[in-house]
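To be precise, the following lines are model03.csv, and they hold CSV, C-alpha atoms.
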chain,number,residue,atom,x,y,z
B,1,MET,CA,-9.4,-20.9,11.8
B,2,SER,CA,-6.9,-18.2,12.7
B,3,THR,CA,-7.5,-16.2,15.9
B,4,ALA,CA,-7.2,-13.1,13.8
B,5,ALA,CA,-10.6,-13.3,12.0
B,6,ILE,CA,-10.6,-9.5,11.6
B,7,PRO,CA,-7.7,-7.1,11.3
B,8,PRO,CA,-6.3,-6.5,14.9
B,9,LYS,CA,-6.4,-3.2,16.6
B,10,ALA,CA,-4.2,-1.7,19.3
B,11,PRO,CA,-5.3,-2.6,22.8
B,12,GLU,CA,-7.1,0.1,24.7
B,13,ASP,CA,-4.1,0.2,27.2
B,14,ALA,CA,-1.5,0.1,24.4
B,15,ARG,CA,1.7,1.9,25.4
B,16,ILE,CA,3.8,4.2,23.3
B,17,SER,CA,7.5,4.0,24.0
B,18,LEU,CA,10.9,5.0,22.4
B,19,HIS,CA,13.4,2.4,21.3
B,20,PRO,CA,16.7,2.7,19.5
B,21,ALA,CA,16.2,1.8,15.8
B,22,ALA,CA,18.9,-0.9,16.1
B,23,SER,CA,17.0,-2.7,18.8
B,24,ILE,CA,13.9,-3.2,16.6
B,25,ASP,CA,13.6,-6.5,14.8
B,26,VAL,CA,12.7,-5.7,11.2
B,27,SER,CA,13.1,-9.2,9.7
B,28,GLY,CA,9.5,-10.3,9.9
B,29,PRO,CA,8.1,-12.0,6.7
B,30,TRP,CA,4.8,-10.1,7.2
B,31,LEU,CA,6.7,-7.0,6.0
B,32,PHE,CA,6.0,-8.3,2.5
B,33,TRP,CA,5.8,-5.0,0.5
B,34,PRO,CA,9.0,-3.0,-0.4
B,35,ALA,CA,9.7,-0.4,2.2
B,36,GLU,CA,11.9,2.0,0.2
B,37,PRO,CA,11.3,5.3,1.9
B,38,ALA,CA,9.6,7.9,-0.3
B,39,PRO,CA,11.3,11.3,-0.6
B,40,ALA,CA,8.2,13.0,1.0
B,41,LEU,CA,8.5,10.7,4.1
B,42,ARG,CA,12.2,11.6,4.4
B,43,ARG,CA,11.5,15.3,4.2
B,44,SER,CA,8.7,15.0,6.8
B,45,LEU,CA,10.8,13.1,9.3
B,46,GLU,CA,13.7,15.5,8.8
B,47,ARG,CA,11.6,18.6,9.2
B,48,HIS,CA,8.9,17.6,11.7
B,49,GLY,CA,10.2,14.5,13.4
B,50,GLN,CA,8.2,11.2,13.8
B,51,LEU,CA,4.5,12.2,14.1
B,52,VAL,CA,3.1,8.6,13.7
B,53,PRO,CA,4.4,5.7,15.7
B,54,VAL,CA,5.4,2.4,14.1
B,55,LEU,CA,3.6,-0.7,15.2
B,56,VAL,CA,5.5,-3.3,17.2
B,57,ASP,CA,4.9,-6.5,19.2
B,58,ARG,CA,6.8,-6.2,22.5
B,59,SER,CA,5.9,-9.6,23.8
B,60,GLY,CA,9.4,-10.9,23.1
B,61,ALA,CA,12.9,-10.0,24.1
B,62,SER,CA,13.1,-7.1,21.7
B,63,PRO,CA,10.4,-5.1,19.8
B,64,LEU,CA,9.2,-6.9,16.8
B,65,LEU,CA,8.2,-4.5,14.0
B,66,VAL,CA,4.7,-5.1,12.7
B,67,ALA,CA,4.4,-2.1,10.4
B,68,GLY,CA,6.5,1.0,9.6
B,69,ALA,CA,9.7,-0.3,8.1
B,70,ALA,CA,10.2,2.8,5.9
B,71,ARG,CA,10.1,5.1,9.0
B,72,VAL,CA,12.4,2.8,11.0
B,73,ALA,CA,14.9,2.8,8.1
B,74,VAL,CA,15.0,6.6,7.8
B,75,LEU,CA,15.2,7.1,11.6
B,76,ALA,CA,18.0,4.5,11.8
B,77,GLU,CA,20.0,6.4,9.2
B,78,ALA,CA,19.6,9.5,11.3
B,79,GLY,CA,20.6,7.7,14.5
B,80,ARG,CA,17.3,8.6,16.1
B,81,ASP,CA,15.1,6.6,18.4
B,82,VAL,CA,11.8,5.3,17.1
B,83,LEU,CA,8.4,6.0,18.6
B,84,CYS,CA,6.6,2.6,18.9
B,85,LEU,CA,3.0,1.6,19.6
B,86,ASP,CA,2.7,-1.9,21.2
B,87,MET,CA,0.0,-4.0,19.5
B,88,GLY,CA,0.4,-6.7,22.0
B,89,PRO,CA,1.1,-10.4,21.2
B,90,LEU,CA,0.0,-11.3,17.7
B,91,ASP,CA,0.1,-14.5,15.7
B,92,MET,CA,1.5,-14.7,12.1
B,93,ALA,CA,-1.8,-13.9,10.5
B,94,GLY,CA,-2.5,-11.1,12.9
B,95,ARG,CA,0.8,-9.4,12.1
B,96,GLY,CA,0.1,-9.7,8.4
B,97,LEU,CA,-3.3,-8.2,8.8
B,98,ALA,CA,-2.1,-5.4,11.0
B,99,TYR,CA,0.6,-4.7,8.4
B,100,MET,CA,-1.9,-4.4,5.6
B,101,GLN,CA,-4.3,-2.4,7.7
B,102,SER,CA,-1.6,0.1,8.4
B,103,ASN,CA,-0.8,0.3,4.6
B,104,ILE,CA,-4.4,1.1,3.6
B,105,GLY,CA,-4.3,3.5,0.7
B,106,ARG,CA,-1.3,2.0,-1.1
B,107,GLU,CA,-1.9,1.0,-4.6
B,108,LEU,CA,-2.8,-2.7,-4.8
B,109,THR,CA,-0.5,-3.7,-7.7
B,110,ASP,CA,-0.3,-7.3,-8.9
B,111,GLN,CA,3.1,-7.6,-7.2
B,112,ARG,CA,1.7,-6.5,-3.8
B,113,VAL,CA,-1.4,-8.7,-4.0
B,114,VAL,CA,0.7,-11.7,-4.9
B,115,ALA,CA,3.2,-11.0,-2.1
B,116,ALA,CA,0.4,-10.7,0.4
B,117,MET,CA,-1.4,-13.9,-0.8
B,118,ARG,CA,1.8,-15.9,-0.8
B,119,TYR,CA,2.4,-14.9,2.8
B,120,PHE,CA,-1.1,-15.8,4.0
B,121,ARG,CA,-1.5,-19.0,2.0
B,122,ALA,CA,1.6,-20.3,3.8
B,123,ILE,CA,-0.1,-20.0,7.2
B,124,PRO,CA,-2.2,-23.1,8.0
B,125,SER,CA,-5.9,-22.7,8.6
B,126,THR,CA,-5.9,-18.9,7.9
B,127,ASP,CA,-9.3,-17.2,7.5
B,128,MET,CA,-8.8,-15.6,4.1
B,129,ALA,CA,-12.0,-13.4,4.3
B,130,PRO,CA,-10.3,-10.4,5.9
B,131,VAL,CA,-7.3,-10.8,3.6
B,132,PHE,CA,-9.6,-10.7,0.5
B,133,GLU,CA,-11.3,-7.6,2.0
B,134,LEU,CA,-8.1,-5.7,2.6
B,135,LEU,CA,-6.9,-6.7,-0.9
B,136,GLU,CA,-10.2,-5.6,-2.4
B,137,MET,CA,-10.8,-9.0,-4.1
B,138,GLU,CA,-14.0,-10.9,-4.3
B,139,PRO,CA,-13.7,-14.6,-3.3
B,140,ARG,CA,-14.8,-15.9,-6.7
B,141,SER,CA,-13.4,-13.1,-8.9
B,142,LYS,CA,-11.3,-13.5,-12.0
B,143,ARG,CA,-8.4,-11.7,-10.4
B,144,LEU,CA,-8.4,-14.1,-7.4
B,145,ARG,CA,-8.4,-17.0,-9.9
B,146,LEU,CA,-5.4,-15.5,-11.7
B,147,VAL,CA,-3.6,-14.8,-8.4
B,148,GLU,CA,-4.2,-18.4,-7.2
B,149,ALA,CA,-2.8,-19.7,-10.5
B,150,TRP,CA,0.3,-17.4,-10.1
B,151,LEU,CA,0.9,-18.8,-6.7
B,152,GLY,CA,1.5,-22.2,-8.3
B,153,LEU,CA,4.5,-20.8,-10.1
B,154,PRO,CA,8.0,-20.8,-8.4
B,155,ALA,CA,8.1,-17.9,-5.9
B,156,HIS,CA,11.1,-16.2,-7.7
B,157,TRP,CA,8.8,-15.5,-10.6
B,158,ASP,CA,7.1,-12.9,-8.5
B,159,ARG,CA,9.9,-10.5,-9.4
B,160,LEU,CA,9.0,-10.8,-13.0
B,161,LEU,CA,5.5,-9.4,-12.6
B,162,ASP,CA,6.7,-6.1,-14.0
B,163,GLY,CA,7.2,-7.8,-17.3
B,164,VAL,CA,4.6,-10.6,-17.1
B,165,PRO,CA,1.0,-9.5,-16.9
B,166,LEU,CA,-1.0,-11.4,-14.2
B,167,ALA,CA,-3.3,-12.4,-17.1
B,168,CYS,CA,-0.7,-14.9,-18.2
B,169,ALA,CA,-0.8,-16.8,-14.9
B,170,GLU,CA,-3.1,-19.7,-16.1
B,171,LEU,CA,-1.1,-20.0,-19.4
B,172,LEU,CA,2.2,-20.2,-17.5
B,173,ALA,CA,0.7,-22.8,-15.1
B,174,GLY,CA,0.4,-25.2,-18.0
B,175,PHE,CA,4.2,-25.3,-18.6
B,176,SER,CA,6.6,-27.7,-16.9
B,177,ALA,CA,9.3,-26.5,-14.5
B,178,ARG,CA,11.9,-27.0,-17.3
B,179,ASP,CA,9.9,-24.9,-19.7
B,180,LEU,CA,9.3,-22.2,-17.2
B,181,ALA,CA,13.1,-21.9,-16.7
B,182,ALA,CA,13.4,-21.5,-20.4
B,183,LEU,CA,10.7,-18.9,-20.5
B,184,GLU,CA,12.2,-16.7,-17.8
B,185,PRO,CA,14.7,-14.8,-20.1
B,186,LEU,CA,11.7,-13.7,-22.2
B,187,PHE,CA,10.4,-11.6,-19.3
B,188,ASP,CA,13.5,-10.7,-17.4
B,189,GLY,CA,14.1,-7.1,-18.4
B,190,LEU,CA,11.3,-7.0,-21.0
B,191,SER,CA,7.9,-5.6,-20.2
B,192,TRP,CA,5.2,-7.1,-22.3
B,193,SER,CA,1.8,-5.7,-22.8
B,194,ARG,CA,-1.1,-8.0,-21.8
B,195,GLY,CA,-2.1,-8.8,-25.3
B,196,ASN,CA,1.4,-9.5,-26.6
B,197,ALA,CA,2.3,-11.6,-23.7
B,198,VAL,CA,-0.9,-13.7,-23.9
B,199,ASN,CA,-0.5,-14.1,-27.6
B,200,LEU,CA,3.2,-15.2,-27.2
B,201,LEU,CA,2.4,-17.8,-24.6
B,202,THR,CA,-0.6,-19.1,-26.4
B,203,TRP,CA,1.4,-19.6,-29.6
B,204,LEU,CA,4.2,-21.3,-27.6
B,205,ARG,CA,1.7,-23.6,-25.9
B,206,GLU,CA,-0.2,-24.5,-29.0
B,207,THR,CA,3.0,-25.2,-31.0
B,208,CYS,CA,4.4,-27.4,-28.2
B,209,LEU,CA,1.2,-29.4,-28.1
B,210,ARG,CA,1.1,-29.7,-31.9
B,211,ASP,CA,4.7,-30.7,-32.4
B,212,GLY,CA,5.1,-32.8,-29.2
B,213,THR,CA,8.0,-30.7,-28.1
B,214,GLY,CA,9.0,-28.5,-25.1
B,215,ALA,CA,9.2,-24.8,-24.9
B,216,ALA,CA,12.9,-24.9,-24.3
B,217,GLU,CA,13.5,-26.7,-27.7
B,218,LEU,CA,11.0,-24.5,-29.5
B,219,LEU,CA,12.7,-21.3,-28.2
B,220,ARG,CA,16.1,-22.7,-29.3
B,221,ASP,CA,14.8,-23.5,-32.7
B,222,CYS,CA,13.4,-20.0,-33.1
B,223,GLY,CA,16.7,-18.4,-32.2
B,224,VAL,CA,15.4,-16.6,-29.2
B,225,ASP,CA,18.7,-16.7,-27.3
B,226,ASP,CA,20.4,-15.1,-30.2
B,227,ILE,CA,17.8,-12.4,-30.4
B,228,LEU,CA,18.2,-11.6,-26.7
B,229,ALA,CA,22.0,-11.5,-27.1
B,230,GLU,CA,21.9,-9.0,-30.0
B,231,GLY,CA,21.6,-6.0,-27.7
B,232,LEU,CA,18.4,-4.8,-29.4
B,233,SER,CA,16.1,-2.3,-27.7
B,234,PRO,CA,13.4,-4.0,-25.6
B,235,LYS,CA,10.7,-3.0,-28.2
B,236,ASP,CA,12.7,-4.5,-31.1
B,237,ALA,CA,13.6,-7.6,-29.2
B,238,MET,CA,10.0,-8.3,-28.2
B,239,ALA,CA,8.9,-7.7,-31.8
B,240,ARG,CA,11.5,-10.1,-33.2
B,241,ILE,CA,10.7,-12.8,-30.7
B,242,SER,CA,6.9,-12.5,-31.3
B,243,GLN,CA,7.5,-12.7,-35.1
B,244,GLN,CA,9.6,-15.9,-34.7
B,245,ILE,CA,7.2,-17.6,-32.4
B,246,ARG,CA,4.2,-16.6,-34.6
B,247,GLN,CA,6.0,-18.0,-37.7
B,248,SER,CA,6.5,-21.3,-35.9
B,249,ARG,CA,2.9,-21.4,-34.8
B,250,PHE,CA,1.5,-20.4,-38.2
B,251,PRO,CA,4.0,-21.4,-40.9
B,252,ARG,CA,1.6,-21.4,-43.8
B,253,LEU,CA,0.0,-18.1,-42.9
B,254,SER,CA,3.5,-16.5,-42.3
B,255,THR,CA,4.6,-17.7,-45.8
B,256,LEU,CA,1.5,-16.3,-47.4
B,257,GLU,CA,1.9,-12.9,-45.6
B,258,ARG,CA,5.6,-12.7,-46.6
B,259,ASP,CA,4.9,-13.5,-50.3
B,260,PHE,CA,2.0,-11.2,-50.5
B,261,ALA,CA,3.9,-8.3,-48.9
B,262,GLU,CA,6.7,-8.8,-51.5
B,263,ALA,CA,4.2,-8.9,-54.4
B,264,ALA,CA,2.3,-5.9,-53.1
B,265,ARG,CA,5.5,-3.8,-52.9
B,266,ARG,CA,6.5,-4.9,-56.4
B,267,VAL,CA,3.1,-4.1,-58.0
B,268,ALA,CA,2.6,-0.8,-56.2
B,269,SER,CA,6.2,0.4,-56.5
B,270,GLY,CA,6.3,4.0,-57.7
B,271,THR,CA,2.6,4.6,-57.1
B,272,ARG,CA,0.6,6.1,-54.3
B,273,TRP,CA,-1.5,3.0,-54.0
B,274,ARG,CA,-1.4,0.8,-50.9
B,275,ILE,CA,-2.3,-2.9,-51.3
B,276,VAL,CA,-3.1,-5.2,-48.3
B,277,GLN,CA,-4.7,-8.5,-47.7
B,278,PRO,CA,-7.5,-7.5,-45.3
B,279,ASP,CA,-8.7,-10.9,-43.7
B,280,GLN,CA,-5.6,-13.1,-43.2
B,281,PHE,CA,-6.3,-15.0,-46.5
B,282,GLU,CA,-9.7,-16.2,-45.4
B,283,SER,CA,-10.6,-15.0,-48.9
B,284,ASP,CA,-8.6,-14.1,-52.0
B,285,ALA,CA,-9.7,-10.5,-51.8
B,286,VAL,CA,-7.2,-7.6,-51.8
B,287,GLU,CA,-7.8,-4.1,-50.6
B,288,MET,CA,-6.3,-1.2,-52.6
B,289,THR,CA,-6.4,2.3,-51.2
B,290,ILE,CA,-5.1,5.8,-52.0
B,291,ARG,CA,-5.2,9.2,-50.3
B,292,ALA,CA,-5.9,12.0,-52.6
B,293,ARG,CA,-5.9,15.7,-51.8
B,294,SER,CA,-7.0,17.0,-55.2
B,295,ILE,CA,-8.7,16.1,-58.5
B,296,ASP,CA,-5.4,16.0,-60.2
B,297,GLU,CA,-4.1,13.4,-57.6
B,298,ILE,CA,-7.2,11.3,-58.3
B,299,ARG,CA,-6.6,11.4,-62.0
B,300,ALA,CA,-3.0,10.5,-61.5
B,301,ALA,CA,-4.0,7.6,-59.3
B,302,GLY,CA,-6.4,6.4,-61.9
B,303,ALA,CA,-3.5,6.3,-64.5
B,304,GLU,CA,-1.3,4.4,-62.0
B,305,LEU,CA,-4.1,1.9,-61.4
B,306,ALA,CA,-4.4,1.3,-65.2
B,307,ARG,CA,-0.7,0.7,-65.5
B,308,MET,CA,-0.8,-1.7,-62.5
B,309,ALA,CA,-3.8,-3.5,-64.1
B,310,ALA,CA,-1.7,-4.2,-67.2
B,311,ARG,CA,1.1,-6.0,-65.3
B,312,GLU,CA,1.5,-9.7,-65.9
B,313,ASP,CA,2.5,-10.5,-62.3
B,314,LEU,CA,-0.8,-9.7,-60.7
B,315,THR,CA,-1.5,-13.3,-60.0
B,316,ALA,CA,1.0,-13.1,-57.1
B,317,LEU,CA,-1.6,-11.1,-55.2
B,318,PHE,CA,-4.1,-14.0,-55.4
B,319,PRO,CA,-2.3,-17.1,-54.2
B,320,ALA,CA,-4.1,-20.3,-55.0
B,321,GLU,CA,-5.3,-22.1,-51.9
B,322,ASP,CA,-3.1,-25.1,-52.5
B,323,ALA,CA,0.0,-23.0,-53.4
With the file now loaded, output its structure as structure tokens.
Amino acid sequence: MSTAAIPPKAPEDARISLHPAASIDVSGPWLFWPAEPAPALRRSLERHGQLVPVLVDRSGASPLLVAGAARVAVLAEAGRDVLCLDMGPLDMAGRGLAYMQSNIGRELTDQRVVAAMRYFRAIPSTDMAPVFELLEMEPRSKRLRLVEAWLGLPAHWDRLLDGVPLACAELLAGFSARDLAALEPLFDGLSWSRGNAVNLLTWLRETCLRDGTGAAELLRDCGVDDILAEGLSPKDAMARISQQIRQSRFPRLSTLERDFAEAARRVASGTRWRIVQPDQFESDAVEMTIRARSIDEIRAAGAELARMAAREDLTALFPAEDA
């Protein structure tokens, strides 16, 4: 078990000292959350100076930053010394815990949780209890299960968490390394909703299992590379990709939907009626609706319905099950 079973605190005799920003080592892997200085922090440091010291470990040749990278960055730009609080010698887990403790209050996004977990999981024999507490995760929670599944993906996938909901982690874990490489362009620059992403990956996985093929081949056959190269808006690109993958997964249903939509447009053309198939062809029922604002519109709709009923091509709205 790690010697840092609880988040470390500064020693009672901790010393505060000034150091040139350039002398502080800011390369520690425990600084695992982006440290882009917020405008409010810049204004505060410019107007009032550094009111809160950064945390360092001074047990080595130069101060080792434990927390406060954004403040160090701003002060370095201004050429000012940095006020540092020495936390004393800490091990890798202790530095990570102190870093998270100093960042209490930051939003625990999926990206931040995954970054923290990836850091601590790489430290042998780490006690994860304080990590879970600081990340506000229960040991047997669904979110932890999804994070653990995500950690099984290549580390560079972490940057895609803006476009890939964490809910997809277990689905992605079922793909080979080759298929994951083929899937990356689907999420690089495209931000999918949870439902759409889960549907897309489920259809891909099921189609691959049905056809005995890989995701790379399936995406090629569906023309996904061409869609991504067309310069469509992200919304249109995602809609086209989803449509192609769904058609591959449900070819019969897609054909029925296409034929029905064409028949409905033809039958209802020139009328105020809307014709839909309400239950994905689980029955032969059709649903016909209008919106009327007056008695005259109701009477006009009735006449339109009578004309539609006299058409000879109504059978197209009721495809036979073996058609």
Please list as a JSON list (two decimals) with C-alpha atoms, in the frame of the given file every residue within 7 Å of B:Val74, counting all atoms listed in the file and excluding residues in the same chain fewer than 4 positions away.
[["chain", "number", "residue", "atom", "x", "y", "z"],
["B", 42, "ARG", "CA", 12.20, 11.60, 4.40],
["B", 70, "ALA", "CA", 10.20, 2.80, 5.90],
["B", 78, "ALA", "CA", 19.60, 9.50, 11.30]]
Between atom CA of B:Leu204 and atom CA of B:Ile227, distance in Å (one decimal): 16.5 Å
Write out as number ranges by chain each polymer residue whose atoms come within 12 Å of B:Asp284, counting all atoms listed in the file; drop sequence neighbours fewer than 2 positions from it. B: 256, 260, 276-282, 286-287, 315-321
Residue with smallest distance to B:Trp150 - pool B:Pro89, B:Gly174, B:Pro185, B:Pro34, counting only C-alpha atoms: B:Gly174
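Going from atom CA of B:Pro154 to atom CA of B:Leu31 covers 20.0 Å.
For the pair atom CA of B:Arg71 and atom CA of B:Arg47, the interatomic distance is 13.6 Å.
Of the listed residues B:Arg311, B:Arg274, B:Arg178, B:Arg121, the one whose atoms come nearest to B:Leu151 is B:Arg121, with distances taken using all atoms listed in the file.
For B:Val114, the residues within 12 Å (counting all atoms listed in the file, excluding itself and residues fewer than 6 positions away along the chain) are Phe32, Trp33, Leu108, Phe120, Arg121, Val131, Phe132, Leu135, Met137, Arg143, Leu144, Arg145, Leu146, Val147, Glu148, Ala149, Trp150, Leu151, Gly152, Leu153, Ala155, His156, Trp157, Asp158, Arg159, Leu160, Leu161, Leu166 and Ala169 of chain B.
Closest approach to B:Cys208 among B:Ile245, B:Val224, B:Leu75, B:Ala301 is made by B:Ile245 (distances from all atoms listed in the file).
For the choices B:Gly270, B:Pro39, B:Pro251, B:Pro124, the atom-to-atom distance to B:Met308 is smallest for B:Gly270 when using only C-alpha atoms.
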Hey, could you patch up stretch 292-302 of chain B with all heavy atoms and hand it over as a short mmCIF file (atom, residue, chain, number, x, y, z; two decimals), in the frame of the given file?
data_model
loop_
_atom_site.label_atom_id
_atom_site.label_comp_id
_atom_site.auth_asym_id
_atom_site.auth_seq_id
_atom_site.Cartn_x
_atom_site.Cartn_y
_atom_site.Cartn_z
N ALA B 292 -6.01 10.97 -51.64
CA ALA B 292 -5.90 12.00 -52.60
C ALA B 292 -6.32 13.38 -52.01
O ALA B 292 -7.31 13.43 -51.27
CB ALA B 292 -6.73 11.76 -53.86
N ARG B 293 -5.56 14.41 -52.35
CA ARG B 293 -5.90 15.70 -51.80
C ARG B 293 -6.42 16.68 -52.91
O ARG B 293 -6.70 17.85 -52.65
CB ARG B 293 -4.63 16.36 -51.20
CG ARG B 293 -4.16 15.65 -49.95
CD ARG B 293 -2.92 16.32 -49.37
NE ARG B 293 -1.78 16.16 -50.27
CZ ARG B 293 -0.93 15.15 -50.22
NH1 ARG B 293 -1.10 14.20 -49.32
NH2 ARG B 293 0.08 15.07 -51.08
N SER B 294 -6.54 16.18 -54.14
CA SER B 294 -7.00 17.00 -55.20
C SER B 294 -7.54 16.16 -56.36
O SER B 294 -7.28 14.95 -56.40
CB SER B 294 -5.90 17.94 -55.74
OG SER B 294 -4.91 17.16 -56.38
N ILE B 295 -8.25 16.81 -57.30
CA ILE B 295 -8.70 16.10 -58.50
C ILE B 295 -7.57 15.58 -59.31
O ILE B 295 -7.59 14.46 -59.83
CB ILE B 295 -9.64 17.02 -59.33
CG1 ILE B 295 -10.90 17.37 -58.54
CG2 ILE B 295 -9.99 16.36 -60.65
CD1 ILE B 295 -11.79 18.39 -59.24
N ASP B 296 -6.52 16.38 -59.40
CA ASP B 296 -5.40 16.00 -60.20
C ASP B 296 -4.74 14.67 -59.59
O ASP B 296 -4.30 13.78 -60.34
CB ASP B 296 -4.30 17.06 -60.22
CG ASP B 296 -4.73 18.23 -61.11
OD1 ASP B 296 -5.65 18.02 -61.93
OD2 ASP B 296 -4.16 19.32 -60.96
N GLU B 297 -4.70 14.59 -58.27
CA GLU B 297 -4.10 13.40 -57.60
C GLU B 297 -5.03 12.17 -57.91
O GLU B 297 -4.52 11.06 -58.07
CB GLU B 297 -3.95 13.60 -56.14
CG GLU B 297 -2.80 14.54 -55.81
CD GLU B 297 -2.50 14.60 -54.33
OE1 GLU B 297 -3.23 13.95 -53.55
OE2 GLU B 297 -1.52 15.27 -53.94
N ILE B 298 -6.33 12.40 -57.95
CA ILE B 298 -7.20 11.30 -58.30
C ILE B 298 -7.01 10.80 -59.70
O ILE B 298 -6.94 9.59 -59.96
CB ILE B 298 -8.71 11.71 -58.08
CG1 ILE B 298 -8.98 11.97 -56.59
CG2 ILE B 298 -9.66 10.65 -58.64
CD1 ILE B 298 -10.37 12.50 -56.33
N ARG B 299 -6.86 11.76 -60.63
CA ARG B 299 -6.60 11.40 -62.00
C ARG B 299 -5.28 10.66 -62.17
O ARG B 299 -5.16 9.68 -62.91
CB ARG B 299 -6.66 12.63 -62.90
CG ARG B 299 -8.08 13.20 -63.05
CD ARG B 299 -8.08 14.53 -63.75
NE ARG B 299 -9.46 15.01 -63.96
CZ ARG B 299 -9.80 16.27 -64.13
NH1 ARG B 299 -8.84 17.22 -64.12
NH2 ARG B 299 -11.06 16.61 -64.33
N ALA B 300 -4.27 11.16 -61.44
CA ALA B 300 -3.00 10.50 -61.50
C ALA B 300 -3.04 9.09 -60.94
O ALA B 300 -2.43 8.15 -61.48
CB ALA B 300 -1.92 11.33 -60.75
N ALA B 301 -3.80 8.93 -59.87
CA ALA B 301 -4.00 7.60 -59.30
C ALA B 301 -4.68 6.66 -60.22
O ALA B 301 -4.37 5.45 -60.28
CB ALA B 301 -4.71 7.70 -57.94
N GLY B 302 -5.65 7.19 -60.97
CA GLY B 302 -6.40 6.40 -61.90
C GLY B 302 -5.41 5.85 -63.02
O GLY B 302 -5.49 4.69 -63.44
#
